[in-house]
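S.K.: Okay, handing you the structure first.
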Amino acid sequence: MPSERSLATTEILYWEIIVHQQVCGWFRWALWLSPVLVLCSWIGGSALPSPTAGGRGEPLCSAGSSVGRPAQPGPSLLRKVRTNSGEPVQTVQGMPAVLDSSNLYSGAAADHLSPVVGGALSRVYVPNRRSNSVSVIDPATLAVVDRFAVGASPQHVVPSWDLKTLWVANNGSRRNSGSLTPIDPKAGRPGNAVPVDDPYNLYFTPDGRSAIVVAERHKRLDFRDPQTMALQESIAAPGCSGINHADFSIDGRYAIFTCEFRGGGLVKIDLVNHQVLGYLHFAKKGMPQDIRISPDGTRFYVADMHADGVYVVDGDSFTQSDFIPTGVGTHGLYPSRDGQELYVANRGSHSTRGASHGKGSIAVIDFATGKVEHTWPIPGGGSPDMGNVSIDGKQLWLSGRFDNVVYDINTTTGAVKTVAVGLEPHGLTVWPQPGRYSLGHTGNMR
């Protein structure tokens with residue numbers, strides 16, 4: 001029979017074995033977890049603004065960390081660019097000064113033409129998406145004076161930042177045949193096309209250093225040399241399906257792009273650090289189209305084709321503040337030359353393949369009150385899409401997407417004249433237009 005001492009010794013040895021096994025187990029878990037914790041720490045750190053950068057007022061935000069998250073205010077890039085109306089706006093380096101902080105469109109007022117556009121022919125250039133051509137209209141006679149072939153699926157005619165070239169964005173549909181066709185506005189004739197991947201739309205950074213090709217199919221923004229279109233760098237926006245239209249903050253620090261497909265939404269792009277800042281999804285699924293900033297630079301107006309109206313979004317906080325019903329199939333947005341009104345093209349259909357003679361109309365929003373002042377239906381029905389305003393502001397030119405026409409709309413009475421063009425006209429531009437420089441699209445002039 002074992003003694004009490006031997007029993008005690010045996011018990012001590014048993015517990016030593018148990019403790020040893022537990023310690024070894026914990027040690028193995030620590031070895032496995034260490035690299036995981038390091039990796040998580042690195043990822044978490046990359047998702048936050050850099051403290052050093054934050055001190056400079058230029059946060060660094062991870063594009064990957066933004067995917068699937070609601071947009072959050074907080075980084076200094078999202079704060080208001082000025083505290084009081086009328087104060088000078090501190091713009092990004094290289095961007096022309098804001099002439100009037102209460103009306104950023106003052107530089108594009110009626111008849112304020114840049115000397116650069118002297119000698120340019122007075123024309124309306126209409127890209128016919130299904131005809132792979134551009135129709136050229138003389139606005140004085142309403143006659144089609146020319147028509148020339150361009151690349152596959154031309155979407156928009158876009159004035160360059162320096163106002164010297166008009167670019168036709170041929171996104172090639174789903175083929176690898178995208179290109180940009182330059183037009184000399186003084187001769188009214190095209191040059192040799194430049195091969196470019198998926199150029200659904202085209203914008204320019206406020207400092208003029210880069211063209212931004214909107215590669216819709218790839219959910220990507222390609223920054224390119226504004227003259228040669230050589231690729232500089234790209235920003236992926238994986239959470240923005242159908243990225244297509246944009247406008248820029250009053251100080252040039254960020255842009256907001258619309259996301260047309262899979263429920264729709266917006267993506268905010270940091271133009272200083274070239275990264276995604278965040279995404280915004282509206283309460284109801286929709287199909288956002290064009291977007292325009294308010295004259296004082298505080299709000300963005302977002303046309304939604306499924307919501308039949310315009311969302312109002314605070315640009316700095318990146319939150320929705322209002323919604324304005326305007327009509328069926330809200331699509332294009334164009335400020336008046338005096339910056340007091342916003343012309344809204346309601347395409348008359350919720351479909352991307354709508355029927356002709358739909359419930360198309362033009363709504364006129366007062367920027368000051370946020371109310372619809374007038375609604376002008378297209379006589380006999382129509383499909384007003386995209387375009388721009390004449391030099392004097394007296395005509396609004398819009399393509400009739402599903403009716404194969406262009407509308408010349410009197411901005412005082414709403415009276416409409418039509419001009420027959422090619423198949424499925426889209427983002428036409430009026431040229432010349434007032435302004436010191438172009439941010440792209442069909443003439444986002446400043």
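As shown in the structure tokens, the chain order sets the letters A, B, ...; within each chain, residues go from 1, and ligands are also counted from 1 in the order they appear.
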Identify, on the basis of only C-alpha atoms, every residue whose closest approach to range 353-365 of chain A does not exceed 8 Å; exclude the query and any residue fewer than 2 positions from it along the same chain; express the result as a ChimeraX atom specification.
M.R.: /A:326-329,341-351,367,370-378,380-384,402-403
S.K.: Please produce a file of the residues just selected, as a short mmCIF file (atom, residue, chain, number, x, y, z; two decimals), in the first residue's frame, where the atoms kept are C-alpha atoms.
M.R.:
data_model
loop_
_atom_site.label_atom_id
_atom_site.label_comp_id
_atom_site.auth_asym_id
_atom_site.auth_seq_id
_atom_site.Cartn_x
_atom_site.Cartn_y
_atom_site.Cartn_z
CA THR A 326 -39.50 66.27 -61.50
CA GLY A 327 -41.01 63.83 -64.02
CA VAL A 328 -40.74 60.39 -65.59
CA GLY A 329 -37.20 59.10 -66.20
CA GLU A 341 -32.04 77.66 -62.36
CA LEU A 342 -31.42 73.99 -63.10
CA TYR A 343 -32.93 72.47 -66.24
CA VAL A 344 -33.89 68.84 -65.71
CA ALA A 345 -34.40 66.52 -68.68
CA ASN A 346 -36.98 63.82 -67.91
CA ARG A 347 -36.51 61.15 -70.56
CA GLY A 348 -40.06 59.79 -70.27
CA SER A 349 -39.10 56.19 -69.57
CA HIS A 350 -37.52 54.06 -66.85
CA SER A 351 -35.88 51.83 -69.46
CA PHE A 367 -31.67 76.77 -57.06
CA GLY A 370 -35.33 73.97 -54.42
CA LYS A 371 -38.78 74.03 -56.00
CA VAL A 372 -39.90 73.17 -59.53
CA GLU A 373 -40.94 76.45 -61.18
CA HIS A 374 -42.03 75.14 -64.58
CA THR A 375 -42.62 71.85 -66.36
CA TRP A 376 -42.52 71.84 -70.15
CA PRO A 377 -43.75 68.62 -71.81
CA ILE A 378 -42.36 67.66 -75.20
CA GLY A 380 -46.46 64.78 -78.90
CA GLY A 381 -44.16 63.00 -76.46
CA GLY A 382 -40.42 62.59 -76.55
CA SER A 383 -37.24 61.47 -74.84
CA PRO A 384 -35.04 64.45 -73.85
CA PHE A 402 -35.51 57.25 -78.46
CA ASP A 403 -36.94 59.57 -81.12
#
S.K.: Could you tell me, as a ChimeraX atom specification, which residues of range 182-355 of chain A DSSP assigns to strand (DSSP E) when given the backbone?
M.R.: /A:182-184,189-190,194-195,201-204,211-215,220-224,231-236,243-248,254-259,265-270,275-280,288-293,299-304,309-314,319-325,330-335,341-346
S.K.: Which residues, written as a PyMOL selection string, have at least one atom at most 7 Å from range 307-314 of chain A, with only C-alpha atoms counted and residues fewer than 2 positions away on the same chain left out?
M.R.: chain A and resi 286+298-305+316-330
S.K.: Nearest to Pro335 in chain A: which of A:Gln155, A:Gln275, A:Ser106, A:Ser438 is it, counting only C-alpha atoms?
M.R.: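 Selected residue with least distance to Pro335 in chain A: A:Ser106.
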S.K.: Name the residues in contact with Arg337 in chain A at a cut-off of 7 Å, using only C-alpha atoms, excluding same-chain residues fewer than 4 positions from it; report them as an NGL selection string.
M.R.: :A and (108-110 or 393)
S.K.: Can I get the selected residues back with C-alpha atoms, as a PDB file, in the first residue's frame?
M.R.:
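Listed below is the output, selection-v2.pdb:
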ATOM      1  CA  ALA A 108     -19.684  80.605 -67.586  1.00  0.00           C
ATOM      2  CA  ALA A 109     -22.293  83.372 -67.674  1.00  0.00           C
ATOM      3  CA  ALA A 110     -23.958  84.370 -70.946  1.00  0.00           C
ATOM      4  CA  GLY A 393     -28.695  81.014 -72.430  1.00  0.00           C
TER       5      GLY A 393
END
S.K.: Taking only C-alpha atoms into account, which of A:Gln289, A:Ser160, A:Asn170, A:Thr165 comes nearest Ser210 in chain A?
M.R.: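 When distances to Ser210 in chain A are compared using only C-alpha atoms, the smallest one comes from A:Ser160.
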S.K.: Could you work out how far CA of Gly118 in chain A lies from CA of Pro295 in chain A, giving the answer in Å with one decimal?
M.R.: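 Interatomic distance, CA of Pro295 in chain A to CA of Gly118 in chain A: 26.7 Å.
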S.K.: What's the 7 Å shell around range 177-192 of chain A, counting only C-alpha atoms, without same-chain residues fewer than 5 positions away, as JSON, numbers by chain?
M.R.: {"A": [119, 120, 121, 150, 151, 152, 165, 166, 167, 168, 169, 170, 171, 172, 197, 198, 199]}
S.K.: Which residue out of A:Val117, A:Val126, A:Ala193, A:Ile243 has the minimum interatomic distance to Asn404 in chain A when only C-alpha atoms are used?
M.R.: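 Using only C-alpha atoms, Asn404 in chain A sits closest to A:Val126.
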S.K.: CA of Val416 in chain A to CA of Leu398 in chain A: how many Å, to one decimal?
M.R.: 10.4 Å
